[in-house]
Structure formats: C-alpha cells, structure tokens
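> If you scroll down you'll find the structure; I have some questions about it.
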Amino acid sequence: MPKVFIKGINYIQDIIGAHEFSMEVEPNTSIETLLKELDKNVGGQLASYLFDGDSSEYMRIFLNGRDIRFLDSEKLVLADGDKLLLLPRLAGG
Amino acid sequence: MSLKGGYFGKLLRINLTNRTSTVEDLDPAFLKKYVGGAMLGTKILYDETRPGIDALGEENKLIYTIGPLTGTDCPTASRMNIATKSPLTGAICNSLSGGFFPVEMKWAGWDVIIIEGKADEPVYILIKDDKVEIRKAEKYWGLNTFDTQNYLKEDLHDLNIRISCIGPAGENLSLLSSIANEARVCGRKGVGAVMGSKNLKAVAIRGSNKVPIADQEKFKAAIREQLHEFKESHIAYPVFSKTGSTCGIENASGLGFFPIKNWMDTGVVDVSDTLGSKVFLTQVQKGNPCYKCPIDCAKVRMVKKGRYAGISSEGPEFETVYSLGSTLGIYNSDFVIAADRLCDELGMDTIGAGVTIGMAMELYEKGILTDTEGLDLSWGNEEVVLQLLRMMAYKEGLGKLLSDGTRKFAQAIGNGADYYAMQVKGLEIPGYDVRGLKSHGLNMATSYTGADHNRGYAFQEIFGIPFPHAVERLAIEGKGALTKWNQDFCGTYDVVTLCEFPTQMALSGTAQRIVAGLLTGATGIDYTEEEVWELGDRLNNVCRMYNVREGFSRKDDYLPRRIQEEPIKEGLSKGEVISKEDNDFMLDEYYEVRGWDKNGIPTPGKLIELGLEDTIKDLPASN
C-alpha cells in the first residue's frame with residue numbers, strides 16, 4: 001500500500017499529536033479522504049479547520065510543496081512517498 | 001484648508017552646527033497629500049537635500065515623522081519613521097519603529113522633527129513640549145543603548161521620558177548600526193551611523209499636549225471596526241499575541257524557505273524543533289506592548305539555564321532567529337536570545353550583522369577568506385559570533401571589514417566573494433529564501449530601501465492569506481501586479497504610521513477602508529478608500545524618484561547571483577531559483593503596472609497622476 005508522510009505545523013501539530021509521521025493508505029486515496037480519516041483519529045478536532053465553510057480561511061494544505069488549491073484534481077490522489085504538509089494560517093515576520 | 005485634528009501642524013528644526021532650533025508651520029494641503037511617516041519624511045528630505053550628498057556628511061538630515069493617528073486612542077498607531085539618505089545603500093532610508101517615543105513626540109506637539117548639521121562635540125537633544133535644549137553628552141558617549149537610556153532618565157529625574165539613542169556601533173559609524181528607543185529599534189540601512197556622524201547621542205522627549213480629534217463619532221466608529229476585526233481574526237489574539245513573530249518560523253521551515261548557512265543549505269535543516277515558536281514560547285517572561293496595542297506581540301524572553309542563563313531580551317523576532325541563528329548554522333534558541341541582546345546593547349541591526357557574519361563563515365569554509373586573525377569562523381561557532389559582533393561595533397580587526405555590511409565586505413575581499421553577499425542595493429536580505437517565494441523575491445529586488453521584507457510583504461505567498469486573491473507561491477506570472485499591490489498596501493501603513501502586523505493577519509480585506517475612516521475621523525479631511533490606496537502608490541513613487549535622482553534604475557533591481565543560479569538543495573522548495581530571465585520577466589510586468597518605463601523610471605504621466613509633477617525635473621535626460 002502507498003505510504004505517505006504527514007507533517008503538521010504549529011497548532012495543527014498539537015491536534016494531530018506529532019510534528020511528522022507516516023501512514024499507509026489504500027491505493028487511489030484522495031487527500032480529502034485521508035484528511036477525513038485523520039480527523040476521525042483525533043476525535044473530530046481537525047474538522048473545524050478543514051470542513052467548516054472555506055477551509056482555506058484556516059488552513060493551507062501542501063502536497064509535495066505545492067498548494068493543493070493550484071493542483072489539477074487528478075493530482076489530488078495520493079501516491080507512494082507523497083509528502084502532505086498541513087499549515088495553519090498565520091501571519092507576521 | 002485648515003487643520004481640524006490629528007496634527008499640531010508644527011515642524012521642529014534643530015540645527016546642530018549652529019545649535020539653534022526653529023519652529024515652522026506645516027501647510028495643511030501638504031499634510032493632506034503626504035500625510036505622515038515615511039512619505040512626509042521622504043518628501044521633506046527630497047526637497048531639502050541635493051542628490052549625491054555624503055550620507056555621513058553634514059548635509060544629510062535625520063527626519064523624525066509620525067502620523068495623524070499617533071498619540072490618539074487608535075490602537076497600533078504608536079509608530080514613527082526616520083527618513084535619511086542611507087549610508088549603507090545610497091538610497092532613501094525609511095526606518096520605522098514602535099514603542100512609546102512616537103506618542104511622546106506627538107504629545108510634545110511636533111509632527112516632524114528635522115535634525116541637521118553636525119555638532120562639534122557629543123551632544124543630546126532634550127525636548128519638553130516647546131522647550132528645546134542641545135546639551136553636552138560627553139558623559140553618555142560610549143554607553144550601550146540601555147545604559148544611555150537609564151542614565152539619562154535618572155539624570156533628568158524622569159523615568160518616563162522617552163529616548164531615541166545610539167550605542168557604540170552608531171558612534172563608530174558602523175553602517176549596520178541602529179537607533180534604539182527602549183528595546184524598539186529603527187534598525188536598518190545605517191541610521192545609527194547618520195546619528196553618530198552628527199555627534200548626536202540621543203533625543204530625549206516629553207510631551208503634555210492632547211491630540212485634537214476632528215470628528216469623535218466617526219473616529220470612534222472606525223476604531224470599533226478595527227478592534228472588531230482584530231477580535232474576529234483567528235491569528236491575531238489566538239496565536240500572534242502568544243508567540244509574536246516567531247509563529248512564522250515553522251511555516252517557513254516546513255515549506256523549505258527558511259535560509260540555512262548563508263542560503264547555501266536552505267531546506268537541508270528543519271529548525272522547527274530547535275528554533276521554532278514552541279521553543280521560544282517556553283522562554284517568554286512577559287509581554288511589552290507598544291502604546292495602545294491590544295495584541296502585544298513583543299515578548300521579553302529569558303534564558304533560564306546553561307551557558308547563557310540570566311540573559312534576557314525583548315525578542316528575538318522571526319528575522320533575528322534567522323540572522324543570528326539558522327544562517328550561521330546555529331540552532332540554539334538560548335544563543336539567539338543572548339546575541340539579540342548584545343546587538344541591542346551595541347545598537348546594531350541584527351539582520352545586517354548576522355547575515356554579514358554568515359557570509360564570512362561561508363567564505364572561510366570555501367577558503368576565500370583566509371586571514372581571520374586566528375578566529376575560527378566555522379559554522380555554528382557561537383563564541384566567535386559574539387566576539388565578532390563586538391569587534392564590528394568597535395571596528396576592531398576583522399570586525400572593521402564586516403562592520404559595513406556584505407557589499408563592502410565583498411569589495412574588500414574580492415576573489416568572487418560578491419557571489420556570497422546576500423544583499424540587494426547593499427541591504428542584507430531578511431529571512432525568506434525567495435527562491436521559493438517569487439513575489440517576495442520581486443519585492444526584495446524592487447523595494448525602494450533595498451532588500452526589505454516589510455516594504456511589500458507577500459503574505460499571500462508566505463502565509464496563504466487570499467487577499468486580493470489566492471496565490472501560487474512558485475509561479476512567476478502575475479507577480480508584478482501582486483508586488484505593486486503589496487508595496488502599496490504596506491506603504492499605506494508606513495505613511496499613516498499604523499503597524500503592519502495586524503493589517504496582514506486581521507485587516508487584509510478591510511484595511512484601506514478602515515484607514516480611510518480613521519484618517520477622516522481624526523483629521524476632518526475626507527479620505528476615500530481609493531485615496532488611501534493612492535497614498536501607498538505615491539509613497540513608492542516619491543521614494544523611487546529619490547533613488548532615480550541618485551542614479552538608481554533597472555540595473556539595481558536584481559537579486560544576488562546565488563538566487564538566480566543555484567537551486568535550493570532540499571525540502572519542499574527544492575530545485576527553485578529566480579533566474580535572470582525570471583527576474584527580468586517579473587520586472588517588465590512590475591514596471592508596466594507601476595507606470596514606469598522599461599528602465600524602471602517613473603513616466604511623467606505617472607508622476608502627474610500622483611501629484612508629483614515637481615519631481616519631473618529630476619528625470620534622466622533620456623526621459
């Protein structure tokens with residue numbers, strides 16, 4: 001089964017309980033499916049960031065460094081070795 | 001037109017050569033057009049100095065400006081700007097700071113303070129409302145910035161008098177020196193050296209006037225809207241109030257654009273666990289907000305154990321974690337706090353100083369810098385960094401070579417060293433590896449002060465905030481228009497002197513409208529949202545014209561060769577560059593949307609559109 005690497009930053013890290021971990025997924029799993037699975041594992045804590053209204057208001061999701069808002073839909077299916085980065089929306093530097 | 005509120009309408013001119021001070025009335029129409037902060041200061045400097053002056057000579061001026069909201073009940077408005085010709089870049093310098101000095105300057109009754117000439121001995125200026133004295137500063141010369149302020153406060157029997165001063169770096173004319181007020185700093189472009197060149201140690205100021213407000217109801221309504229937006233933001237209070245600017249470190253490291261080892265190893269090291277916000281959060285002792293700021297991002301941190309135990313600093317900010325940490329191959333938050341404190345004491349810009357030392361470390365590794373007077377400049381050598389910072393402030397030995405920044409250091413070393421100088425227009429690049437952030441790269445290339453993140457912060461790329469629209473950080477197309485938008489957006493705040501931080505995180509979609517309400521309420525002059533946008537555009541054009549008059553053009557709007565030629569090694573931005581072709585493509589797009597010609601020179605039509613026709617005479621002959 002494809003293995004994907006998930007990294008959470010800042011308070012997303014607190015929710016998923018680790019800075020970085022890997023997960024095996026069924027072939028042809030979409031990012032959305034994986035995130036729903038992940039949400040179940042953390043008792044629904046991710047849902048408010050991901051699924052309420054416009055998720056981009058609160059969170060940015062990157063697949064192999066690319067913002068998924070700019071990827072074609074066929075690229076939103078996970079492959080072996082993919083790196084998923086979950087970033088809360090922040091500001092200031 | 002008459003002034004109804006927001007201003008006292010007074011300019012204080014202090015001539016150090018003649019030891020005189022005079023008061024001038026400010027024309028209300030002039031204030032309506034140039035408002036305050038960076039634009040008011042630049043315009044006065046433009047009009048009162050000729051091109052080609054020596055930035056460290058008697059002809060240069062230090063111009064303190066605030067804005068119509070400073071000293072009022074408006075939150076986040078305790079900001080000031082110092083305009084001068086930069087001795088580091090030769091371009092216009094606008095250096096901004098928060099704290100309490102800005103409100104005290106306003107309450108003393110001054111919208112502008114111009115300091116000109118040169119004293120024949122060390123002096124400080126004491127201002128109490130309309131009483132101005134130039135006093136001997138022999139006793140304070142040589143003191144660090146904190147002791148200077150403490151001594152003066154004690155001697156003046158006023159612990160709440162506000163002081164803007166230099167440390168040893170400014171006295172010794174280091175081009176990386178800053179001007180401090182408490183632990184807030186006008187940090188960059190060598191402002192401290194300009195103050196030092198005038199034999200001016202400090203300005204102490206105390207005021208007792210109340211700022212008039214033209215329309216209290218309108219003003220209060222705009223403040224309510226501003227505070228409501230702060231409250232609704234999921235970043236401002238929940239995150240930024242706790243961590244300050246360090247909250248961006250994991251974001252930058254995770255996406256692979258936090259520079260490592262003088263940008264040589266960006267992406268190779270993830271600093272989240274060593275220099276991330278969670279680490280710095282454990283070291284917070286207390287907040288220290290600017291006047292009337294409910295967000296309170298400034299954190300005083302202390303090292304609690306180990307080699308640097310007991311050292312405390314207000315900060316470090318995101319930039320300092322890069323410049324005194326990752327770019328030196330140092331991944332120790334305790335050290336960053338200690339080095340941050342040392343820079344503040346010496347009165348040195350943490351970005352410029354750190355980036356210059358990082359360059360020296362790489363040159364040492366590559367065998368280009370061989371004579372180090374026995375110093376081991378290996379990556380990560382904390383002791384040698386502390387030693388070099390002191391040597392730079394006092395211009396001793398190798399420190400003298402480093403004390404004027406990367407560009408001059410490269411010129412002194414030769415042998416291809418310029419490739420490793422991470423600077424634009426002579427100003428060291430802040431902590432964003434722009435190979436992975438194209439608009440931010442274009443901003444660094446075109447910012448009127450040199451590589452300056454705050455003059456056109458690309459928060460869409462860095463943090464994904466979708467205003468004016470969502471942005472793919474790695475795309476080249478469309479970045480000219482976006483960069484103009486960001487520079488005009490940020491420029492507005494530098495003009496009205498509101499802090500940029502909350503505008504990005506809480507007001508990105510509503511800011512210009514709220515600013516229009518604040519300005520209208522405070523001054524009684526009607527400002528529309530469109531006019532507020534125009535302030536940013538006018539600022540960028542008057543600053544560009546200052547630089548054009550000094551000989552700047554397209555040739556000065558390129559990023560360092562490393563960024564153009566050397567792909568990022570690892571991480572989520574791996575393989576990225578901003579090639580010469582990319583740089584050119586973005587410049588063409590940017591100049592067109594700005595209304596500038598192919599050489600980056602504003603067109604007469606653009607200058608007329610912005611009411612800057614008086615600068616047309618300074619366009620190059622070919623225009």
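Simple scheme: letters A, B, ... for chains in structure tokens order, numbers from 1 for residues in each chain, numbers from 1 for ligands in the order shown.
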List the neighbours of range 437-441 of chain B out to 8 Å using only C-alpha atoms; skip same-chain residues closer than 2 positions along the sequence, and give me the result as an NGL selection string.
:B and (257 or 432-435 or 443-445 or 453 or 456-458 or 461-462 or 473-476 or 479-480 or 482-483 or 559 or 578)
> Contacts from chain A to chain B, 7 Å maximum, only C-alpha atoms: show me the residue list as a list of chain:residue names.
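On the chain A side, the interface is A:Ile9, A:Asn10, A:Arg60, A:Asn64, A:Gly65, A:Asp67, A:Phe70, A:Leu87, A:Arg89, A:Leu90, A:Ala91, A:Gly92, A:Gly93.
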> Which parts of range 74-194 of chain B does DSSP call strand (DSSP E) when run on the backbone here, written out as a PyMOL selection string?
chain B and resi 80-85+92-97+112-116+123-128+131-136+162-165+179-181+184-186
> What does the distance between CA of Met80 in chain B and CA of Gly67 in chain B come to in Å, to one decimal place?
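Pair CA of Met80 in chain B / CA of Gly67 in chain B returns 7.5 Å.
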> Using only C-alpha atoms, which residues sit within 8 Å of range 11-20 of chain A once same-chain residues fewer than 3 positions away are excluded, as a PyMOL selection string?
chain A and resi 5-8+38+42+45-46+86-88
> Hey, what's within 12 Å of Leu427 in chain B if we count only C-alpha atoms and toss same-chain stuff fewer than 2 positions away? As a PyMOL selection string, please?
chain B and resi 86-93+175-176+187-190+349+351-353+355-356+404-408+421-425+429-430+444-453+556+559-560
> List the neighbours of Lys85 in chain B out to 9 Å using only C-alpha atoms; skip same-chain residues closer than 6 positions along the sequence, and give me the result as an NGL selection string.
:B and (45 or 53-56 or 60-62 or 91-94 or 189 or 191 or 194)
> Skipping near chain neighbours, those fewer than 5 positions away, what residues fall within 9 Å of Gly399 in chain B using only C-alpha atoms, listed as a PyMOL selection string?
chain B and resi 387-394
> Point out the residue among A:Met23, A:Leu35, A:Leu63, A:Val4 with the least atom-to-atom distance to Leu85 in chain A, counting only C-alpha atoms.
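Residue with the minimum atom-to-atom distance to Leu85 in chain A: A:Leu63.
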> Work out how far CA of Leu498 in chain B is from CA of Arg224 in chain B, in Å to one decimal.
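Calculated distance between CA of Arg224 in chain B and CA of Leu498 in chain B is 15.6 Å.
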> Could you give me the residues within range 25-64 of chain A that DSSP places in helix (DSSP H, G or I), as a list in words?
Ile31, Glu32, Thr33, Leu34, Leu35, Lys36, Glu37, Leu38, Asp39, Lys40, Asn41, Ala47, Ser48, Tyr49, Leu50, Ser55, Ser56 and Glu57 of chain A
> Just the residues within 7 Å of Pro68 in chain B, please, counting only C-alpha atoms, with nothing from its chain fewer than 6 positions along; format it as a list of chain:residue names.
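Here the qualifying residues turn out to be B:Gly6, B:Tyr7, B:Gly36, B:Val496, B:Ala522.
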> Find, counting only C-alpha atoms, the residue in B:Lys366, B:Lys153, B:Arg135, B:Lys292 that gets nearest to Leu200 in chain B.
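The closest residue to Leu200 in chain B is B:Arg135.
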> Please compute the CA of Lys580 in chain B-CA of Ile563 in chain B distance, one decimal, in Å.
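So the answer is 9.1 Å.
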